[in-house]
Each structure stands twice: as C-alpha cells, then as structure tokens.
Amino acid sequence: MKDCFKFLKNRGFFQQSTDEEALARKLDNENVTFYVGYDPTNVSLHLGHLVPIMASAFLQRMGHKPIALVGGGTAMIGDPSGRTSARPILTVDEIDSNSMLIKEQLERFITLDGEKGLFINNGDWLRNINYIEFLRDIGKHFSVNRMLSFETYKEKYKNHGLSFLEFNYVLLQSYDFLRLYKEHNCTLQVGGDDQWANMVSGVELIRRITGSNSNVECLTLPLILTSDGKKMGKTQNGALFLSKEITSVYDFYQYWINVTDSDVIRFLKLYTFIDDSEIEKLSQLKGEELIEAKRVLAFEVTKIVHSESDAIEAREAANAAFGSGDNIDLIPTFSIDRSRIEAGISILDLFVESGLVESKSEVRRLIKQNAIKINEDKISNENLIVDSSFITESGIILRSGKKKVKRIAF
RNA sequence: GGGAAGAUUGCCGAGUGGUUAAAGGCGACAGACUGUAAAUCUGUUGACAUACGUCUACGGGGGUUCAAAUCCCUCUCUUCCCA
C-alpha cells in the first residue's frame, strides 16, 4: 500500500484528481473503498473499459476494495458525455441481462465476492426513486448555470441540443456516489476522464450533504489514444470487445501484436501486471526487436482477458499464419460441406462464406489487387472454381491481404 | 403557440431537373517498401453480373415530369429565432 499512488501514476493510471495530496495520503495509508461505474448498454465490455478495470485490479491487489457499479438505472437515460448523439434507450430486460454478462467479465480481473469487492446495480435505488423527494433532497444542491459550464454539456447544448433526460445524468451519478458513500463508506470514484464533471459533482454533493470533512475524492484515468492519434481498439470489424464470442481470441491477440512501436511500453504498463523492472528491460529493445515486446504484450493481455491456454493457442496460431510455426490447425477455421468443394465452388462465394470478405464485388477487387491467395498461391482469375484438387492435408488455406487468413477444415 | 433552416453513400460535406453510384476530405482496404510496426508512394472503396449491363441508394410516404438527391404535397425528426 505504501507508494500506491506513485505506482499508479507511474503506470499511467492518472489524468486528474481532486486534491492530489489528500488522495495520495489516502491510498498510501488507508484501505480505501472505491467505485468504478460501468454502463450495461452492450452485451460485452470493450477495450475502452480495460484501463479502469486494470486500475481496479491493481488497487485491489494493493489492498483496496473495489465496487463495480453497473448502471442499471442510469442506462435507462443515456449519458451525453463525449457523445454527439445520445445512447439508445434499452429495455429493462436487455439492461439486466447485460449487467450479468458484465459481472462475469469483471470477475476475470477483480474479486467481487461481497467481501473483497462488491458488485452493485444502481437500478436498486434509481428505479424506485421518488421524484419529489429527489428534487427536494438532491436537486436543490445543483446549479443549472454551473452544469451548463461543464464541457460535456456545453458542447451538446450548443451544437446538438440537450434533452432534459440527459441533463439529469449528472444528478443521478452524483447520487450514486452519495449512496455508496453512505452505505459502503466508498470514498473514491475512479473513471475515465470524460467522466470528470460527473465525478466532481458527486464529490461536491457529498461534501454539501455530509460536511467538508467527508474525505471523498475522485480520480480520472486517461482516455487512451494510440500514438498516431486514433482511438484505441478500432479494428476492421469495429471495436475490440472483451468477449470472445464477439472478438475472437485470435483477433484480440493480433490487435496487440500490431500495436504501434511507440505504444508498446505504455501499454505493457497499463494493460498487464508485468513488473516495472521487467518492463524496463523490454523498453531497451529497439527497431525490429520490438516484436518481442509486442509478443509479451499480446500474450499477457490475452492471458488476462481470456486465459493462458487461449493465449498460447493464439500465439501458436499467429506463428502458423505468419511463417515460422507449423501448427496450422490453429489458424482460425470455418467449415463447409466437403461435398460442396468436390462439386466445385466459385472462389467469390468461397471467400464471402469464409467471412474474410464482405461481398463478391470486393473479392473481385481484391483479386485485381493481388491480395487473394489460396494455399499460398496468388489467384488472378476471378472465375476460378475451387474443387477437391485444392484440398491438402491441412484443408484449404484462404488469405485476403497479408493479415487475414482462414483455414477450411472438414 | 408563431416563424425559419435542415435531414445526402461508414463519418464530415459538395451537389438544387438529365453529363450523378453522386465532388472533396476523413476513415477503411489492397499493393510496393518493411519488422504481422510507423511514415511514404500508388491504387481501390454500393450490390449483382465473365461482360454488355442491371438493380438499390440521397429521412418516411405520395405526386409532377420523357427524366428527380434536385420541383410539389404530406409525415417524422433535428436545429435556430420570436412569444
């Protein structure tokens, strides 16, 4: 616990906070109960959630107690932070089902056994709130003028229009913090930097209601951009999800292998539990040696998010797909009826069915661009019929471009 | 309650009767170069079709016209101004 704050800051888990000295003192000397909020607006968490999750995991390892607060109540409104359009409003059933899925995912990182960590749904109190009481007890502490000065609201207000529904988000999030403070002695909120205004409002609300010695703080984490300025976790298929049903382990692993050189060390610090000293060693690598650091990064992150055996498999598959390895069986596969190959199938249909390419037109285009390969042979004939003569002992290997590969298994 | 402007292909954004699958930018994809990196250069970027070409698309619905993203009516939504 000693030097806890310094450690966090050094690993990159610090953007801004309320009283920094007080926060450092608190984290270094007390067992702090803190909370991070998650929106159950999707069936899976994605890469953007990983920084707060890792922060929670590190804090828990250092003796602090995390509360994972799922926004089963707030999700029914939609948070305007950093968005130009409000989130879609989901049904209660969808929200509840998402919440349970999120809990399962979080438990890979943090213990939520009710003792060392808690999982709480703000729907428990928000859904039954009494409007008049809420206005009287909570609403009176908020100034519209002040709220309109918040960056997230200001932007929306000026350029897109801000609905009353969304405008209330800050009150509800502040109220969450108040509840957690009162019921669980939660004195720290951690979240992405886009949540700053909401979090500070919570701190202020608690101080107004309980007095200035309440000792509550908040801490924001940086929103991670890649060093070429792009948002993290964008792949050709959209966002990178933590669920292997949505983003395959193979794709997940590959994402980290393909990270930009200048991001590797930063990401090792943020997204793995590897010791500082070990990271220091890896940071000595230069040029093409960096692939080693990327392998460590990809392996470790995959191990944490999925499992060690998944990580090993993904690594083997990568070796098979990109040269050295011989474990071709591990390349992502898809199956197709053998009889259809024997009857002969158009290369256009085959690539579309494999999921490597979106449409036949695109396959045609890729063939013209020399990007399509079968069993490592470049294909230039878009009328090619693939039949049993293409079947090898390891099936048929399809490639689209340098990085996308699938194996047909029978 | 009254008035005005707007909704275009993944995003931004041009286009105001035919030459428009729709400029330009971004993003994305491919090739070259490399290290499964970045940068750079080149090309591609609605679908179907070997091809001629066909179909779908400019918020929804209806209409005018030989011909509509472009004109008219109507509905929905958004923004702005007045009260």
# chains A, B, ... in the order shown; residues from 1 in each chain; ligands from 1
>>> residues_around(residues="Asp276 in chain A", least_positions_apart="3", cutoff="12 Å", atoms="only C-alpha atoms (C1' of nucleotides)", output="JSON, numbers by chain")
{"A": [7, 8, 10, 11, 12, 265, 266, 268, 269, 270, 272, 273, 279, 280, 281, 282, 283]}
>>> write_last_selection(atoms="all heavy atoms", output="short mmCIF file (atom, residue, chain, number, x, y, z; two decimals), in the first residue's frame")
data_model
loop_
_atom_site.label_atom_id
_atom_site.label_comp_id
_atom_site.auth_asym_id
_atom_site.auth_seq_id
_atom_site.Cartn_x
_atom_site.Cartn_y
_atom_site.Cartn_z
N PHE A 7 2.85 4.50 -7.60
CA PHE A 7 2.84 3.36 -8.51
C PHE A 7 1.80 3.56 -9.62
O PHE A 7 2.09 3.42 -10.80
CB PHE A 7 2.54 2.08 -7.73
CG PHE A 7 2.39 0.86 -8.60
CD1 PHE A 7 3.51 0.15 -9.03
CD2 PHE A 7 1.13 0.43 -9.00
CE1 PHE A 7 3.37 -0.96 -9.85
CE2 PHE A 7 0.99 -0.68 -9.82
CZ PHE A 7 2.11 -1.38 -10.23
N LEU A 8 0.59 3.91 -9.19
CA LEU A 8 -0.48 4.10 -10.17
C LEU A 8 -0.11 5.16 -11.21
O LEU A 8 -0.29 4.99 -12.40
CB LEU A 8 -1.76 4.56 -9.47
CG LEU A 8 -2.59 3.53 -8.75
CD1 LEU A 8 -3.82 4.21 -8.18
CD2 LEU A 8 -3.00 2.39 -9.67
N ASN A 10 2.79 6.23 -12.04
CA ASN A 10 3.88 5.77 -12.88
C ASN A 10 3.42 4.80 -13.97
O ASN A 10 3.95 4.77 -15.07
CB ASN A 10 4.94 5.13 -11.98
CG ASN A 10 6.11 4.62 -12.81
OD1 ASN A 10 6.56 5.31 -13.70
ND2 ASN A 10 6.55 3.41 -12.51
N ARG A 11 2.43 4.00 -13.65
CA ARG A 11 1.92 3.06 -14.65
C ARG A 11 1.02 3.74 -15.67
O ARG A 11 0.62 3.13 -16.65
CB ARG A 11 1.11 1.93 -13.99
CG ARG A 11 1.88 0.99 -13.08
CD ARG A 11 2.81 0.03 -13.77
NE ARG A 11 2.21 -1.08 -14.49
CZ ARG A 11 2.79 -2.29 -14.61
NH1 ARG A 11 3.95 -2.57 -14.03
NH2 ARG A 11 2.22 -3.22 -15.33
N GLY A 12 0.66 4.96 -15.42
CA GLY A 12 -0.17 5.69 -16.37
C GLY A 12 -1.63 5.82 -15.97
O GLY A 12 -2.44 6.28 -16.76
N ILE A 265 5.44 0.04 -24.73
CA ILE A 265 5.80 0.12 -23.32
C ILE A 265 4.67 0.70 -22.50
O ILE A 265 4.30 0.19 -21.43
CB ILE A 265 7.10 0.96 -23.15
CG1 ILE A 265 8.25 0.29 -23.89
CG2 ILE A 265 7.43 1.13 -21.67
CD1 ILE A 265 8.51 -1.16 -23.51
N ARG A 266 4.07 1.75 -23.03
CA ARG A 266 2.93 2.37 -22.36
C ARG A 266 1.83 1.33 -22.12
O ARG A 266 1.23 1.27 -21.05
CB ARG A 266 2.41 3.50 -23.25
CG ARG A 266 1.40 4.40 -22.61
CD ARG A 266 1.32 5.73 -23.38
NE ARG A 266 0.94 5.54 -24.77
CZ ARG A 266 -0.25 5.91 -25.27
NH1 ARG A 266 -1.15 6.45 -24.48
NH2 ARG A 266 -0.52 5.74 -26.54
N LEU A 268 2.15 -1.98 -22.03
CA LEU A 268 2.58 -3.00 -21.08
C LEU A 268 2.29 -2.54 -19.65
O LEU A 268 1.88 -3.32 -18.80
CB LEU A 268 4.08 -3.29 -21.24
CG LEU A 268 4.46 -4.21 -22.41
CD1 LEU A 268 5.95 -4.12 -22.69
CD2 LEU A 268 4.07 -5.66 -22.11
N LYS A 269 2.50 -1.25 -19.42
CA LYS A 269 2.26 -0.72 -18.08
C LYS A 269 0.78 -0.68 -17.73
O LYS A 269 0.38 -0.93 -16.60
CB LYS A 269 2.82 0.71 -17.97
CG LYS A 269 4.33 0.77 -17.90
CD LYS A 269 4.73 2.22 -17.72
CE LYS A 269 6.24 2.35 -17.54
NZ LYS A 269 6.60 3.76 -17.30
N LEU A 270 -0.03 -0.33 -18.72
CA LEU A 270 -1.46 -0.17 -18.47
C LEU A 270 -2.22 -1.49 -18.48
O LEU A 270 -3.13 -1.69 -17.70
CB LEU A 270 -2.07 0.74 -19.53
CG LEU A 270 -1.80 2.24 -19.42
CD1 LEU A 270 -2.21 2.93 -20.72
CD2 LEU A 270 -2.53 2.86 -18.25
N THR A 272 -1.04 -4.85 -18.53
CA THR A 272 -0.54 -6.12 -18.00
C THR A 272 -0.13 -5.93 -16.54
O THR A 272 0.02 -4.80 -16.08
CB THR A 272 0.70 -6.64 -18.77
OG1 THR A 272 1.83 -5.86 -18.40
CG2 THR A 272 0.49 -6.58 -20.27
N PHE A 273 0.10 -7.04 -15.88
CA PHE A 273 0.56 -6.99 -14.48
C PHE A 273 2.08 -7.16 -14.38
O PHE A 273 2.62 -7.34 -13.30
CB PHE A 273 -0.11 -8.09 -13.66
CG PHE A 273 -1.60 -7.89 -13.51
CD1 PHE A 273 -2.49 -8.81 -14.03
CD2 PHE A 273 -2.10 -6.78 -12.85
CE1 PHE A 273 -3.86 -8.64 -13.89
CE2 PHE A 273 -3.47 -6.59 -12.70
CZ PHE A 273 -4.36 -7.52 -13.22
N ILE A 279 9.40 -4.62 -17.39
CA ILE A 279 9.04 -3.69 -18.47
C ILE A 279 10.24 -2.83 -18.84
O ILE A 279 10.49 -2.55 -20.01
CB ILE A 279 7.84 -2.81 -18.04
CG1 ILE A 279 6.59 -3.69 -17.90
CG2 ILE A 279 7.60 -1.70 -19.04
CD1 ILE A 279 5.36 -2.97 -17.39
N GLU A 280 10.97 -2.45 -17.81
CA GLU A 280 12.18 -1.66 -18.04
C GLU A 280 13.12 -2.39 -19.00
O GLU A 280 13.66 -1.82 -19.94
CB GLU A 280 12.86 -1.39 -16.69
CG GLU A 280 14.13 -0.61 -16.75
CD GLU A 280 13.96 0.74 -17.46
OE1 GLU A 280 12.86 1.35 -17.34
OE2 GLU A 280 14.91 1.17 -18.13
N LYS A 281 13.27 -3.69 -18.79
CA LYS A 281 14.13 -4.50 -19.68
C LYS A 281 13.61 -4.47 -21.11
O LYS A 281 14.36 -4.27 -22.05
CB LYS A 281 14.17 -5.95 -19.19
CG LYS A 281 15.25 -6.21 -18.15
CD LYS A 281 15.31 -7.70 -17.84
CE LYS A 281 15.49 -7.92 -16.35
NZ LYS A 281 15.04 -9.25 -15.91
N LEU A 282 12.30 -4.68 -21.23
CA LEU A 282 11.71 -4.72 -22.58
C LEU A 282 11.84 -3.37 -23.28
O LEU A 282 11.94 -3.30 -24.50
CB LEU A 282 10.24 -5.12 -22.49
CG LEU A 282 9.98 -6.58 -22.10
CD1 LEU A 282 8.52 -6.80 -21.77
CD2 LEU A 282 10.43 -7.53 -23.21
N SER A 283 11.89 -2.32 -22.48
CA SER A 283 11.94 -1.00 -23.10
C SER A 283 13.31 -0.73 -23.73
O SER A 283 13.48 0.26 -24.43
CB SER A 283 11.61 0.08 -22.08
OG SER A 283 12.68 0.21 -21.16
#
>>> closest_atom_pairs(of="chain B", to="chain A", cutoff="6 Å", atoms="only C-alpha atoms (C1' of nucleotides)", output="CSV")
residue,atom,partner,partner_atom,distance
B:A30,C1',A:Gln369,CA,5.8
B:G35,C1',A:Glu288,CA,4.8
B:A37,C1',A:Thr260,CA,5.3
>>> residues_around(residues="Phe142 in chain A", least_positions_apart="5", cutoff="9 Å", atoms="only C-alpha atoms (C1' of nucleotides)", output="list in words")
Met147, Leu171, Ser201 and Leu205 of chain A
>>> write_last_selection(atoms="all heavy atoms", output="compact mmCIF listing (two decimals), in the first residue's frame")
# COMPACT_ATOMS: atom_id res chain seq x y z
N MET A 147 -23.85 23.57 -14.17
CA MET A 147 -23.88 22.37 -15.00
C MET A 147 -23.65 22.70 -16.47
O MET A 147 -22.97 21.99 -17.20
CB MET A 147 -25.22 21.65 -14.84
CG MET A 147 -25.29 20.87 -13.53
SD MET A 147 -26.99 20.48 -13.07
CE MET A 147 -27.43 19.31 -14.32
N LEU A 171 -26.87 14.41 -12.00
CA LEU A 171 -27.50 14.29 -10.68
C LEU A 171 -27.53 12.83 -10.23
O LEU A 171 -27.26 12.52 -9.08
CB LEU A 171 -28.93 14.84 -10.71
CG LEU A 171 -29.08 16.34 -10.50
CD1 LEU A 171 -28.78 17.09 -11.77
CD2 LEU A 171 -30.46 16.67 -9.99
N SER A 201 -18.95 16.49 -9.43
CA SER A 201 -20.27 16.84 -8.90
C SER A 201 -20.65 15.93 -7.75
O SER A 201 -21.27 16.37 -6.78
CB SER A 201 -21.33 16.74 -10.00
OG SER A 201 -21.04 17.64 -11.03
N LEU A 205 -21.44 17.06 -4.00
CA LEU A 205 -22.72 16.72 -3.38
C LEU A 205 -22.51 16.11 -2.00
O LEU A 205 -23.16 16.49 -1.03
CB LEU A 205 -23.51 15.75 -4.26
CG LEU A 205 -24.83 15.27 -3.68
CD1 LEU A 205 -25.83 16.43 -3.58
CD2 LEU A 205 -25.43 14.14 -4.50
>>> atom_distance(atom1="CA of Val170 in chain A", atom2="CA of Glu115 in chain A")
29.0 Å
>>> residues_around(residues="U8 in chain B", least_positions_apart="5", cutoff="9 Å", atoms="only C-alpha atoms (C1' of nucleotides)", output="list in words")
A22, C58 and A69 of chain B
>>> write_last_selection(atoms="N, CA and C atoms (P, O5', C5', C4', C3', O3' and C1' of nucleotides)", output="mmCIF file, in the first residue's frame")
data_model
loop_
_atom_site.group_PDB
_atom_site.id
_atom_site.type_symbol
_atom_site.label_atom_id
_atom_site.label_comp_id
_atom_site.auth_asym_id
_atom_site.auth_seq_id
_atom_site.Cartn_x
_atom_site.Cartn_y
_atom_site.Cartn_z
ATOM 1 P P A B 22 -20.322 7.718 -60.198
ATOM 2 O "O5'" A B 22 -21.131 8.851 -59.414
ATOM 3 C "C5'" A B 22 -20.812 9.130 -58.069
ATOM 4 C "C4'" A B 22 -21.295 10.522 -57.748
ATOM 5 C "C3'" A B 22 -20.864 11.007 -56.360
ATOM 6 O "O3'" A B 22 -19.671 11.749 -56.468
ATOM 7 C "C1'" A B 22 -23.218 11.152 -56.574
ATOM 8 P P C B 58 -32.993 7.045 -50.965
ATOM 9 O "O5'" C B 58 -32.165 8.348 -50.671
ATOM 10 C "C5'" C B 58 -31.517 8.558 -49.408
ATOM 11 C "C4'" C B 58 -30.724 9.817 -49.505
ATOM 12 C "C3'" C B 58 -31.579 11.046 -49.759
ATOM 13 O "O3'" C B 58 -31.520 11.853 -48.583
ATOM 14 C "C1'" C B 58 -29.667 10.959 -51.193
ATOM 15 P P A B 69 -33.088 10.626 -57.968
ATOM 16 O "O5'" A B 69 -32.658 11.483 -56.685
ATOM 17 C "C5'" A B 69 -33.202 11.200 -55.410
ATOM 18 C "C4'" A B 69 -32.812 12.291 -54.450
ATOM 19 C "C3'" A B 69 -33.317 13.675 -54.837
ATOM 20 O "O3'" A B 69 -34.589 13.890 -54.285
ATOM 21 C "C1'" A B 69 -30.988 13.756 -54.393
#
>>> select_by_dssp(residues="range 160-406 of chain A", states="alpha helix (DSSP H)", output="count of residues only")
112
>>> select_by_dssp(residues="range 83-215 of chain A", states="strand (DSSP E)", output="VMD selection string")
chain A and resid 118 to 121 186 to 192
>>> closest_residue(among="A:Gly139, A:Gly117, A:Pro40, A:Gly73", to="Ser97 in chain A", atoms="only C-alpha atoms")
A:Pro40
>>> atom_distance(atom1="CA of Asp39 in chain A", atom2="CA of Asn121 in chain A")
10.2 Å
>>> atom_distance(atom1="CA of Leu188 in chain A", atom2="CA of Thr33 in chain A")
6.7 Å
